[in-house]
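As stored in target.cif (mmCIF, C-alpha atoms):
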data_entry
#
loop_
_atom_site.label_atom_id
_atom_site.label_comp_id
_atom_site.auth_asym_id
_atom_site.auth_seq_id
_atom_site.Cartn_x
_atom_site.Cartn_y
_atom_site.Cartn_z
CA MET A 95 -12.34 55.80 -58.87
CA SER A 96 -13.57 53.79 -61.86
CA PRO A 97 -17.04 54.59 -63.23
CA ASP A 98 -18.34 51.17 -62.10
CA ARG A 99 -17.14 51.71 -58.61
CA GLU A 100 -18.63 55.15 -58.53
CA THR A 101 -22.03 53.91 -59.72
CA GLU A 102 -21.93 51.15 -57.15
CA ASP A 103 -21.33 53.75 -54.48
CA LEU A 104 -24.24 55.81 -55.73
CA HIS A 105 -26.62 52.85 -55.39
CA LEU A 106 -25.64 52.59 -51.74
CA LEU A 107 -26.76 56.15 -51.06
CA SER A 108 -30.50 55.41 -51.15
CA GLY A 109 -30.69 55.05 -47.36
CA ALA A 110 -28.71 58.18 -46.59
CA TYR A 111 -30.81 60.06 -49.15
CA ALA A 112 -34.08 58.91 -47.60
CA LEU A 113 -32.79 60.06 -44.20
CA ASP A 114 -31.66 63.46 -45.59
CA ALA A 115 -28.12 62.61 -44.56
CA LEU A 116 -26.50 63.84 -47.78
CA ASP A 117 -25.01 67.28 -48.12
CA ASP A 118 -26.28 69.50 -50.94
CA LEU A 119 -23.72 68.44 -53.51
CA GLU A 120 -24.14 64.75 -52.76
CA ARG A 121 -27.89 65.19 -52.95
CA VAL A 122 -27.75 66.88 -56.34
CA ARG A 123 -25.49 64.17 -57.69
CA PHE A 124 -27.67 61.39 -56.32
CA GLU A 125 -30.83 62.98 -57.70
CA LYS A 126 -29.20 63.14 -61.09
CA HIS A 127 -28.40 59.44 -60.76
CA LEU A 128 -31.98 58.71 -59.64
CA ARG A 129 -33.45 60.15 -62.78
CA GLY A 130 -31.65 57.52 -64.83
CA CYS A 131 -31.76 54.57 -62.42
CA GLU A 132 -35.17 52.98 -62.00
CA SER A 133 -34.13 50.51 -59.34
CA CYS A 134 -32.69 53.26 -57.15
CA ALA A 135 -35.78 55.42 -57.68
CA ALA A 136 -38.03 52.54 -56.62
CA GLU A 137 -35.84 51.84 -53.59
CA VAL A 138 -35.81 55.49 -52.58
CA ALA A 139 -39.61 55.61 -52.75
CA GLU A 140 -39.83 52.62 -50.41
CA LEU A 141 -37.17 53.82 -47.99
CA SER A 142 -38.76 57.27 -47.92
CA ASP A 143 -41.96 55.59 -46.77
CA VAL A 144 -40.00 54.03 -43.92
CA ALA A 145 -38.46 57.39 -43.03
CA ALA A 146 -41.94 58.95 -43.15
CA GLU A 147 -43.09 56.41 -40.55
CA LEU A 148 -40.17 57.36 -38.30
CA GLY A 149 -41.23 60.97 -38.71
CA SER A 150 -44.96 60.60 -38.23
CA ALA A 151 -44.44 58.59 -35.05
CA GLN A 152 -43.01 61.80 -33.58
CA ARG A 153 -46.46 63.35 -33.92
CA VAL A 154 -47.10 66.15 -31.44
CA LYS A 155 -50.32 68.12 -31.23
CA ALA A 156 -49.61 71.22 -33.28
CA PRO A 157 -50.32 74.53 -31.54
CA ASP A 158 -53.59 76.25 -32.44
CA SER A 159 -51.59 79.30 -33.45
CA LEU A 160 -50.04 77.23 -36.26
CA ARG A 161 -53.42 76.26 -37.62
CA THR A 162 -54.68 79.84 -37.48
CA ALA A 163 -51.57 81.20 -39.19
CA VAL A 164 -51.42 78.55 -41.92
CA LEU A 165 -55.09 78.66 -42.82
CA ALA A 166 -54.99 82.46 -42.94
CA GLU A 167 -51.86 82.48 -45.12
CA VAL A 168 -53.34 79.95 -47.51
CA THR A 169 -56.15 82.28 -48.50
CA ARG A 170 -53.61 84.83 -49.73
CA THR A 171 -50.80 82.58 -50.97
CA PRO A 172 -50.75 81.94 -54.73
CA GLN A 173 -50.20 78.38 -55.85
CA GLN A 174 -47.78 77.13 -58.43
CA VAL A 175 -49.53 76.13 -61.58
CA PRO A 176 -48.04 73.48 -63.80
CA VAL A 177 -46.63 75.40 -66.72
CA VAL A 178 -46.29 72.35 -68.92
CA PRO A 179 -48.98 69.69 -69.37
CA ARG A 180 -48.37 66.92 -66.86
CA GLU A 181 -48.38 64.19 -69.52
CA SER A 182 -45.22 65.51 -71.03
CA THR A 183 -43.25 65.85 -67.81
CA ASP A 184 -41.78 62.37 -68.22
CA SER A 185 -40.23 63.00 -71.59
CA ARG A 186 -36.95 64.61 -70.69
CA PRO A 187 -37.01 65.34 -66.99
CA VAL A 188 -33.36 66.28 -66.59
CA THR A 189 -33.31 68.60 -69.55
CA ARG A 190 -36.60 70.09 -68.59
CA TYR A 191 -35.58 70.75 -65.03
CA VAL A 192 -32.27 72.26 -65.90
CA GLY A 193 -33.93 74.33 -68.60
CA TYR A 194 -36.35 75.77 -66.11
CA ALA A 195 -33.64 76.39 -63.57
CA VAL A 196 -31.65 78.27 -66.15
CA ALA A 197 -34.77 80.18 -67.13
CA ALA A 198 -35.48 80.90 -63.47
CA VAL A 199 -32.06 82.35 -62.90
CA ALA A 200 -32.22 84.30 -66.12
CA LEU A 201 -35.50 85.82 -65.00
CA VAL A 202 -34.18 86.71 -61.59
CA VAL A 203 -31.06 88.19 -63.04
CA ALA A 204 -33.21 90.18 -65.41
CA GLY A 205 -35.11 91.52 -62.42
CA ILE A 206 -38.38 89.78 -63.08
CA GLY A 207 -40.54 88.94 -60.09
CA ILE A 208 -40.02 85.95 -57.90
CA GLY A 209 -43.60 84.76 -58.28
CA GLN A 210 -43.02 84.02 -61.92
CA VAL A 211 -39.81 82.30 -61.17
CA VAL A 212 -41.11 79.82 -58.66
CA ALA A 213 -43.93 79.10 -61.07
CA VAL A 214 -41.64 77.62 -63.67
CA ASN A 215 -38.74 75.90 -62.06
CA ASP A 216 -39.68 72.84 -60.07
CA THR A 217 -41.35 70.23 -62.17
CA GLN A 218 -40.32 67.43 -59.87
CA PRO A 219 -41.21 67.27 -56.20
CA GLU A 220 -37.82 66.05 -55.04
CA LEU A 221 -36.24 69.03 -56.70
CA VAL A 222 -38.30 71.58 -54.83
CA ALA A 223 -35.67 72.10 -52.15
CA GLU A 224 -32.91 72.45 -54.71
CA SER A 225 -34.91 74.92 -56.76
CA SER A 226 -35.95 77.01 -53.81
CA GLU A 227 -32.31 77.18 -52.82
CA LEU A 228 -31.51 78.46 -56.28
CA VAL A 229 -34.21 81.08 -56.11
CA ALA A 230 -33.17 82.09 -52.58
CA LEU A 231 -29.63 82.54 -53.77
CA ALA A 232 -30.66 84.41 -56.89
CA THR A 233 -32.57 86.91 -54.79
CA ALA A 234 -30.25 87.24 -51.77
CA PRO A 235 -29.23 90.87 -51.26
CA ASP A 236 -25.50 90.22 -51.33
CA THR A 237 -25.50 87.86 -54.31
CA GLN A 238 -23.15 88.84 -57.09
CA VAL A 239 -23.53 87.53 -60.60
CA VAL A 240 -20.43 86.93 -62.67
CA ARG A 241 -20.75 85.84 -66.28
CA SER A 242 -18.23 84.34 -68.61
CA SER A 243 -18.32 82.97 -72.09
CA ASN A 244 -15.76 80.89 -73.93
CA ASP A 245 -15.40 78.09 -76.48
CA ASN A 246 -16.83 75.59 -74.01
CA GLY A 247 -20.02 77.44 -73.21
CA ARG A 248 -21.68 80.35 -71.46
CA PHE A 249 -21.52 80.38 -67.67
CA ALA A 250 -23.10 82.47 -64.95
CA TYR A 251 -21.99 82.28 -61.32
CA LEU A 252 -24.35 83.42 -58.58
CA VAL A 253 -22.34 83.89 -55.42
CA SER A 254 -23.46 84.82 -51.93
CA GLN A 255 -20.36 85.27 -49.81
CA GLU A 256 -22.45 85.90 -46.72
CA SER A 257 -24.18 82.54 -46.87
CA ASN A 258 -21.16 80.74 -48.35
CA ARG A 259 -23.24 79.41 -51.19
CA ALA A 260 -22.99 79.68 -54.92
CA VAL A 261 -24.55 78.20 -58.01
CA MET A 262 -23.03 77.96 -61.45
CA VAL A 263 -25.48 77.83 -64.32
CA GLY A 264 -24.24 76.99 -67.79
CA GLU A 265 -25.78 76.82 -71.19
CA GLY A 266 -24.43 75.84 -74.58
CA VAL A 267 -21.82 73.80 -72.70
CA GLN A 268 -19.85 71.37 -74.86
CA THR A 269 -19.37 67.80 -73.67
CA PRO A 270 -16.01 67.43 -71.94
CA GLY A 271 -15.04 64.46 -74.16
CA ASN A 272 -14.80 60.73 -73.69
CA GLU A 273 -13.75 59.63 -70.20
CA ARG A 274 -13.49 63.29 -69.24
CA THR A 275 -15.46 65.48 -66.90
CA TYR A 276 -15.53 69.14 -65.95
CA GLN A 277 -14.37 69.98 -62.46
CA MET A 278 -15.14 73.18 -60.60
CA TRP A 279 -12.53 74.76 -58.33
CA LEU A 280 -12.90 77.48 -55.76
CA LEU A 281 -9.84 79.74 -55.62
CA ASP A 282 -9.56 80.59 -51.96
CA ALA A 283 -7.98 83.59 -50.26
CA GLN A 284 -4.55 81.91 -50.40
CA GLY A 285 -4.99 81.12 -54.08
CA ASP A 286 -5.43 77.40 -53.44
CA ALA A 287 -7.87 75.55 -55.67
CA ILE A 288 -10.50 73.62 -53.70
CA SER A 289 -12.66 71.15 -55.59
CA MET A 290 -16.35 72.03 -55.72
CA GLY A 291 -17.22 68.85 -57.57
CA VAL A 292 -17.47 67.57 -61.10
CA PHE A 293 -20.21 68.31 -63.61
CA GLU A 294 -21.32 67.50 -67.10
CA PRO A 295 -23.86 69.21 -69.33
CA ASN A 296 -27.13 67.45 -70.11
CA SER A 297 -28.10 66.57 -73.67
CA THR A 298 -28.99 70.16 -74.47
CA GLY A 299 -25.82 71.61 -73.02
CA GLU A 300 -27.21 72.91 -69.74
CA VAL A 301 -25.68 72.70 -66.28
CA VAL A 302 -26.71 73.68 -62.76
CA LEU A 303 -24.03 73.21 -60.10
CA PRO A 304 -24.81 74.23 -56.52
CA MET A 305 -21.71 74.87 -54.42
CA GLU A 306 -20.93 75.35 -50.78
CA GLY A 307 -17.67 76.46 -49.25
CA ASP A 308 -15.74 79.19 -47.54
CA LEU A 309 -16.50 81.95 -50.00
CA ALA A 310 -15.83 84.93 -47.75
CA GLY A 311 -12.28 85.57 -48.89
CA ALA A 312 -12.51 83.65 -52.14
CA GLN A 313 -10.89 85.10 -55.22
CA GLY A 314 -12.97 83.29 -57.80
CA PHE A 315 -13.69 80.06 -59.59
CA ALA A 316 -11.97 77.98 -62.23
CA VAL A 317 -13.14 75.09 -64.38
CA THR A 318 -10.82 72.39 -65.66
CA VAL A 319 -11.30 69.25 -67.76
CA GLU A 320 -10.28 66.18 -65.78
CA PRO A 321 -10.41 62.39 -66.17
CA SER A 322 -13.84 60.90 -65.32
CA GLY A 323 -14.51 61.05 -61.62
CA GLY A 324 -12.43 64.18 -61.16
CA SER A 325 -8.96 64.79 -59.72
CA GLN A 326 -7.52 65.61 -56.33
CA VAL A 327 -5.72 68.58 -57.81
CA ALA A 328 -6.30 70.25 -61.16
CA THR A 329 -4.30 68.50 -63.87
CA THR A 330 -5.04 70.78 -66.83
CA ASP A 331 -5.19 74.49 -67.52
CA PRO A 332 -8.55 76.02 -66.72
CA ILE A 333 -11.04 76.47 -69.54
CA ASP A 334 -12.84 79.12 -67.53
CA VAL A 335 -11.75 81.47 -64.74
CA VAL A 336 -13.87 84.12 -63.08
CA GLN A 337 -12.91 86.62 -60.42
CA LEU A 338 -15.16 87.75 -57.63
CA ALA A 339 -15.45 91.39 -56.69
CA MET B 21 -52.70 33.37 -46.30
CA LYS B 22 -50.72 36.10 -47.90
CA VAL B 23 -50.36 35.62 -51.62
CA VAL B 24 -49.28 39.09 -52.66
CA ALA B 25 -45.55 39.53 -53.08
CA ALA B 26 -44.04 42.17 -50.81
CA THR B 27 -43.14 44.40 -53.74
CA ASP B 28 -46.70 44.35 -55.04
CA VAL B 29 -48.17 45.98 -51.97
CA ASP B 30 -45.77 48.89 -51.93
CA PHE B 31 -47.79 51.05 -54.26
CA GLU B 32 -50.84 52.06 -52.35
CA PRO B 33 -53.77 52.63 -54.70
CA GLN B 34 -55.86 54.13 -51.90
CA ASP B 35 -53.41 56.80 -50.93
CA GLN B 36 -55.82 59.22 -49.28
CA ILE B 37 -53.13 61.81 -48.69
CA ALA B 38 -52.03 61.68 -52.32
CA MET B 39 -55.61 62.21 -53.43
CA LEU B 40 -55.99 65.17 -51.10
CA ILE B 41 -52.75 66.67 -52.37
CA ALA B 42 -54.14 66.41 -55.91
CA GLU B 43 -57.26 68.31 -54.83
CA VAL B 44 -55.17 70.91 -53.03
CA GLY B 45 -53.18 71.32 -56.24
CA LYS B 46 -56.36 72.48 -57.93
CA GLY B 47 -56.80 75.21 -55.31
CA ASP B 48 -59.32 73.43 -53.09
CA GLU B 49 -59.00 75.10 -49.69
CA SER B 50 -61.34 72.68 -47.94
CA ALA B 51 -59.16 69.79 -49.17
CA PHE B 52 -56.20 71.65 -47.71
CA ARG B 53 -57.95 71.96 -44.34
CA GLU B 54 -58.59 68.23 -44.41
CA LEU B 55 -54.97 67.58 -45.31
CA TYR B 56 -53.91 69.89 -42.50
CA GLU B 57 -55.92 67.92 -39.95
CA LEU B 58 -54.32 64.69 -41.13
CA THR B 59 -50.72 65.82 -41.33
CA ALA B 60 -50.02 68.97 -39.27
CA ASP B 61 -49.25 67.02 -36.09
CA TRP B 62 -46.77 64.86 -37.98
CA VAL B 63 -45.14 67.87 -39.56
CA TYR B 64 -44.91 69.75 -36.28
CA GLY B 65 -43.78 66.63 -34.42
CA VAL B 66 -40.92 65.80 -36.75
CA THR B 67 -39.64 69.39 -36.86
CA LEU B 68 -39.83 69.53 -33.08
CA ARG B 69 -37.93 66.29 -32.78
CA VAL B 70 -35.10 67.57 -34.98
CA LEU B 71 -35.02 71.21 -33.84
CA ARG B 72 -36.11 70.71 -30.22
CA ASP B 73 -37.32 74.26 -29.97
CA PRO B 74 -41.06 74.84 -30.08
CA SER B 75 -41.01 78.32 -31.58
CA GLN B 76 -38.52 77.42 -34.34
CA SER B 77 -40.44 74.25 -35.00
CA GLU B 78 -43.67 76.12 -35.38
CA GLU B 79 -42.00 78.50 -37.81
CA VAL B 80 -40.59 75.65 -39.90
CA ALA B 81 -43.85 73.71 -39.75
CA GLN B 82 -45.66 76.77 -41.06
CA GLU B 83 -43.21 77.06 -43.96
CA VAL B 84 -43.66 73.39 -44.77
CA LEU B 85 -47.44 73.48 -44.67
CA LEU B 86 -47.53 76.53 -46.92
CA GLU B 87 -45.04 74.87 -49.25
CA ILE B 88 -47.46 71.96 -49.50
CA TRP B 89 -50.19 74.38 -50.49
CA ARG B 90 -47.99 76.20 -53.00
CA THR B 91 -46.43 73.18 -54.67
CA ALA B 92 -49.21 70.58 -54.45
CA ALA B 93 -49.75 70.72 -58.21
CA ARG B 94 -46.18 69.52 -58.70
CA TYR B 95 -46.53 66.42 -56.57
CA ASP B 96 -46.04 63.31 -58.70
CA ARG B 97 -47.60 60.16 -57.25
CA THR B 98 -45.49 57.91 -59.42
CA LYS B 99 -42.45 59.04 -57.43
CA GLY B 100 -43.72 58.16 -53.97
CA SER B 101 -46.58 58.21 -51.49
CA GLY B 102 -48.29 61.40 -50.40
CA LYS B 103 -47.19 60.89 -46.83
CA ALA B 104 -43.56 60.43 -47.86
CA TRP B 105 -43.72 63.60 -49.94
CA ILE B 106 -44.99 65.64 -47.01
CA MET B 107 -42.66 64.11 -44.45
CA THR B 108 -39.67 64.58 -46.74
CA LEU B 109 -40.50 68.27 -47.14
CA ALA B 110 -40.86 68.62 -43.38
CA HIS B 111 -37.77 66.67 -42.40
CA ARG B 112 -35.57 68.29 -45.02
CA ARG B 113 -36.59 71.77 -43.93
CA ALA B 114 -35.90 70.95 -40.31
CA VAL B 115 -32.52 69.44 -41.17
CA ASP B 116 -31.60 72.44 -43.31
CA ARG B 117 -32.43 74.68 -40.38
CA VAL B 118 -30.43 72.67 -37.89
CA ARG B 119 -27.41 72.49 -40.21
CA SER B 120 -27.38 76.17 -41.03
CA ALA B 121 -27.76 77.04 -37.35
CA GLN B 122 -24.89 74.78 -36.43
CA SER B 123 -22.62 75.27 -39.40
CA GLY B 124 -20.59 77.95 -37.67
CA ARG B 125 -20.16 75.94 -34.54
CA ASP B 126 -18.25 72.82 -33.82
CA ARG B 127 -20.72 70.00 -33.82
CA GLU B 128 -19.15 68.18 -30.95
CA GLN B 129 -20.72 64.78 -30.65
CA LYS B 130 -21.97 63.23 -27.51
CA VAL B 131 -22.10 59.52 -27.12
CA PHE B 132 -25.48 58.71 -28.46
CA ASP B 133 -28.03 57.16 -26.20
CA GLN B 134 -29.04 54.06 -28.06
CA SER B 135 -32.41 53.67 -26.50
CA TYR B 136 -35.10 55.07 -28.70
CA GLU B 137 -37.10 57.43 -26.56
CA PRO B 138 -38.19 60.86 -27.69
CA GLU B 139 -36.17 63.34 -25.65
CA ILE B 140 -38.98 65.78 -25.73
CA ASP B 141 -41.55 64.75 -23.26
CA THR B 142 -44.52 64.31 -25.52
CA VAL B 143 -47.76 63.14 -24.13
CA ALA B 144 -49.18 60.45 -26.31
CA ASP B 145 -52.58 61.97 -26.26
CA THR B 146 -54.52 59.47 -28.28
CA VAL B 147 -54.63 55.73 -28.62
CA GLU B 148 -53.72 56.18 -32.26
CA THR B 149 -50.54 58.08 -31.39
CA ARG B 150 -49.53 55.46 -28.87
CA LEU B 151 -50.09 52.67 -31.37
CA GLU B 152 -48.12 54.50 -34.03
CA GLN B 153 -45.20 55.04 -31.67
CA GLU B 154 -45.34 51.48 -30.48
CA ARG B 155 -45.31 50.23 -34.06
CA VAL B 156 -42.23 52.27 -34.99
CA ARG B 157 -40.52 51.20 -31.78
CA ARG B 158 -41.07 47.60 -32.83
CA TYR B 159 -39.59 48.23 -36.28
CA LEU B 160 -36.58 49.95 -34.76
CA ALA B 161 -36.15 46.99 -32.44
CA GLU B 162 -35.59 44.84 -35.54
CA LEU B 163 -32.36 46.69 -36.25
CA THR B 164 -28.89 45.98 -35.01
CA ASP B 165 -27.63 48.54 -32.50
CA SER B 166 -25.25 50.00 -35.03
CA GLN B 167 -27.95 50.38 -37.69
CA ARG B 168 -30.32 52.00 -35.21
CA GLU B 169 -27.61 54.36 -34.03
CA ALA B 170 -26.74 55.53 -37.55
CA ILE B 171 -30.39 56.00 -38.53
CA SER B 172 -31.28 57.82 -35.32
CA LEU B 173 -28.37 60.26 -35.54
CA ALA B 174 -29.28 61.09 -39.11
CA TYR B 175 -33.04 61.23 -38.87
CA PHE B 176 -33.64 62.56 -35.39
CA LYS B 177 -30.59 64.77 -34.99
CA GLY B 178 -30.11 65.85 -38.59
CA TYR B 179 -26.52 64.62 -38.85
CA SER B 180 -25.10 64.23 -42.34
CA GLN B 181 -23.63 60.85 -43.20
CA ARG B 182 -20.15 62.32 -42.75
CA GLU B 183 -21.04 63.60 -39.31
CA VAL B 184 -22.46 60.21 -38.41
CA ALA B 185 -19.23 58.57 -39.56
CA GLN B 186 -17.22 61.00 -37.46
CA ALA B 187 -19.44 60.64 -34.40
CA LEU B 188 -19.30 56.85 -34.50
CA ASP B 189 -15.70 56.77 -35.68
CA VAL B 190 -16.42 54.38 -38.55
CA PRO B 191 -15.72 54.71 -42.30
CA LEU B 192 -18.26 56.58 -44.40
CA GLY B 193 -18.97 53.47 -46.46
CA THR B 194 -19.97 51.62 -43.30
CA VAL B 195 -22.41 54.38 -42.41
CA LYS B 196 -24.02 54.29 -45.87
CA THR B 197 -24.46 50.55 -45.60
CA ARG B 198 -25.87 50.67 -42.08
CA MET B 199 -28.43 53.28 -43.06
CA ARG B 200 -29.52 51.45 -46.19
CA ASP B 201 -29.56 47.97 -44.66
CA GLY B 202 -31.39 49.28 -41.61
CA LEU B 203 -34.11 50.98 -43.61
CA ILE B 204 -34.48 47.91 -45.83
CA ARG B 205 -34.89 45.76 -42.76
CA MET B 206 -37.55 48.11 -41.41
CA ARG B 207 -39.26 48.17 -44.79
CA ASP B 208 -39.44 44.36 -44.78
CA ALA B 209 -40.79 44.34 -41.24
CA MET B 210 -43.45 46.84 -42.19
CA GLY B 211 -44.33 44.88 -45.31
CA ALA B 212 -44.72 41.72 -43.27
CA ALA B 213 -46.95 43.50 -40.77
CA SER B 214 -49.29 45.05 -43.31
#
Would you put the structure from the file into structure tokens?
Amino acid sequence: MSPDRETEDLHLLSGAYALDALDDLERVRFEKHLRGCESCAAEVAELSDVAAELGSAQRVKAPDSLRTAVLAEVTRTPQQVPVVPRESTDSRPVTRYVGYAVAAVALVVAGIGIGQVVAVNDTQPELVAESSELVALATAPDTQVVRSSNDNGRFAYLVSQESNRAVMVGEGVQTPGNERTYQMWLLDAQGDAISMGVFEPNSTGEVVLPMEGDLAGAQGFAVTVEPSGGSQVATTDPIDVVQLA
Amino acid sequence: MKVVAATDVDFEPQDQIAMLIAEVGKGDESAFRELYELTADWVYGVTLRVLRDPSQSEEVAQEVLLEIWRTAARYDRTKGSGKAWIMTLAHRRAVDRVRSAQSGRDREQKVFDQSYEPEIDTVADTVETRLEQERVRRYLAELTDSQREAISLAYFKGYSQREVAQALDVPLGTVKTRMRDGLIRMRDAMGAAS
């Protein structure tokens, strides 16, 4: 698919996004697009208002037990405090977010408390779900962390085989080159490579790639460099391969 | 006579919910109680509509309302209305729950009943509720059957766009277009009514 065609397709996703009809990978990709596309961001805001009307019309008197529980919890639930001054949040949102996500994972991996982690990672409301997923994964009891480092960058894979979810976090990742993209592959139990999507580092070389798939019998992951838009099957030798325990 | 262009009225300067969220972000518990009174029935209602199980819905609604408390300081009004922020949190949580519960099972599709009636027998207990439902019913009536069907499967049943495509046996691109065109049509109808 040509880049133009792909962008055109992304613009069409505003409705599905507002209705939460995208899967996690599609959502991440569209949110990345949103941060650079003002017209889509404006359209999403409007269509989300429409979706909110659909939702609020479903209003049902909430049980008293909900009110009691929520108001009691609130008195003992700490709030997230903006870590950075709000004025500066517009400067480099993508970089900032990814930076915090990387920091969040690093903290979790280092065994630092979850409270501190949730306090730094979600600078943008629409990313809250994504970030909480990352934190949930980073703290899941069965999550294994596999690290690798090569000429193209440093990568950490957080993998929960029980929940069939994984996230790859990269830093110091080199750009894949003109008209090229990185593509992530899951190596399944049979040794087949299943595409987990394409990714590119942001301007400071950071990457967060959430993944979903049948991880139970998976052998590991591989990253290849492919033509823009990705390939049906890997066309180059992997630049990174990790094996799961 | 209306002289304001439709796009100019989209940003609501008097967004009461957004203002309350800002207060909640500063740790104001009484602002949170006020916000709760305004939004808890919406949050509970939408999770109930998607999950269709009162105890699960209450659990998810509680998570959402606490998430509002925890993350209020991160809400950015330039990105959307306060109501949309809250309803997106609520709907997304409900959809996540329904998808993870059903991911192991075959999501066999039934032919979707095109009439828009809440399956859960909710008593419209106030005039306000009835008016709100009537208003949304009118907006939905503006849609073509195929647009309404795609939007309803996604929003009320938590189907992904791929599942909608499969259920309706139409290409994915068609589903994307129906959802977007349908919401745009509703947006225009709402703009004209306001």
Evaluate the PyMOL selection byres ((chain B and resi 96-100) around 8) against this structure - the residues, as a VMD selection string, please. (chain A and resid 135 to 136 139 to 140 142 to 143 218 to 219) or (chain B and resid 38 94 to 95 101 to 102 104 to 105)
Using all atoms listed in the file, which of the listed residues (A:Pro270, A:Gly264, A:Gly307, A:Gly314) sits closest to chain B? A:Gly307
What are the centre and the three edge lengths of an axis-aligned box that wraps all atoms of range 307-311 of chain A in the file, given that 5 Å is added to every side, written as JSON and rounded to one decimal in Å?
{"center_x": -15.0, "center_y": 81.0, "center_z": -48.8, "size_x": 15.4, "size_y": 19.1, "size_z": 12.5}
Apply the PyMOL selection byres ((chain A) within 9 of (chain B)) to the structure shown and report the selected residues as an MDAnalysis selection string. chainID A and resid 103 106:110 112:117 135:157 159:161 163:165 167:169 171:176 180 216:220 222:223
What does the structure give for the distance between CA of Glu265 in chain A and CA of Thr298 in chain A, in Å to one decimal?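 About the pair CA of Glu265 in chain A and CA of Thr298 in chain A: they are 8.1 Å apart.
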Report, in Å with one decimal, the straight-line distance from CA of Glu169 in chain B to CA of His105 in chain A.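 Straight-line distance from CA of Glu169 in chain B to CA of His105 in chain A works out to 21.4 Å.
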Among listed residues A:Glu125, A:Glu294, A:Glu300, A:Asp158, nearest Leu104 in chain A (using all atoms listed in the file): A:Glu125
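Closest to Met39 in chain B among B:Val118, B:Val190, B:Leu71, B:Leu55 is B:Leu55, based on only C-alpha atoms.
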Determine the residue membership of the PyMOL selection byres ((chain A and resi 334) around 9) for the file above and supply it as a list in words.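 In the shown coordinates, the PyMOL selection byres ((chain A and resi 334) around 9) covers Ser242, Ser243, Asn244, Asn246, Phe249, Phe315, Ala316, Val317, Thr318, Asp331, Pro332, Ile333, Val335 and Val336 of chain A.
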Grab the CA of Gln186 in chain B to CA of Ile288 in chain A distance for me, in Å with one decimal place. 21.6 Å
Skip range 278-287 of chain A itself and residues of its chain fewer than 2 positions away, then list as a short mmCIF file (atom, residue, chain, number, x, y, z; two decimals) with C-alpha atoms, in the coordinates of the input all residues within 10 Å of it, counting all atoms listed in the file.
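around.cif, written as the output of this step:
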data_model
loop_
_atom_site.label_atom_id
_atom_site.label_comp_id
_atom_site.auth_asym_id
_atom_site.auth_seq_id
_atom_site.Cartn_x
_atom_site.Cartn_y
_atom_site.Cartn_z
CA MET A 262 -23.03 77.96 -61.45
CA THR A 275 -15.46 65.48 -66.90
CA TYR A 276 -15.53 69.14 -65.95
CA SER A 289 -12.66 71.15 -55.59
CA MET A 290 -16.35 72.03 -55.72
CA GLY A 291 -17.22 68.85 -57.57
CA VAL A 292 -17.47 67.57 -61.10
CA PHE A 293 -20.21 68.31 -63.61
CA LEU A 303 -24.03 73.21 -60.10
CA MET A 305 -21.71 74.87 -54.42
CA GLU A 306 -20.93 75.35 -50.78
CA GLY A 307 -17.67 76.46 -49.25
CA ASP A 308 -15.74 79.19 -47.54
CA LEU A 309 -16.50 81.95 -50.00
CA ALA A 310 -15.83 84.93 -47.75
CA GLY A 311 -12.28 85.57 -48.89
CA ALA A 312 -12.51 83.65 -52.14
CA GLN A 313 -10.89 85.10 -55.22
CA GLY A 314 -12.97 83.29 -57.80
CA PHE A 315 -13.69 80.06 -59.59
CA ALA A 316 -11.97 77.98 -62.23
CA VAL A 317 -13.14 75.09 -64.38
CA THR A 318 -10.82 72.39 -65.66
CA VAL A 319 -11.30 69.25 -67.76
CA GLU A 320 -10.28 66.18 -65.78
CA GLY A 324 -12.43 64.18 -61.16
CA GLN A 326 -7.52 65.61 -56.33
CA VAL A 327 -5.72 68.58 -57.81
CA ALA A 328 -6.30 70.25 -61.16
CA PRO A 332 -8.55 76.02 -66.72
CA ASP A 334 -12.84 79.12 -67.53
CA VAL A 335 -11.75 81.47 -64.74
CA VAL A 336 -13.87 84.12 -63.08
CA GLN A 337 -12.91 86.62 -60.42
CA LEU A 338 -15.16 87.75 -57.63
#
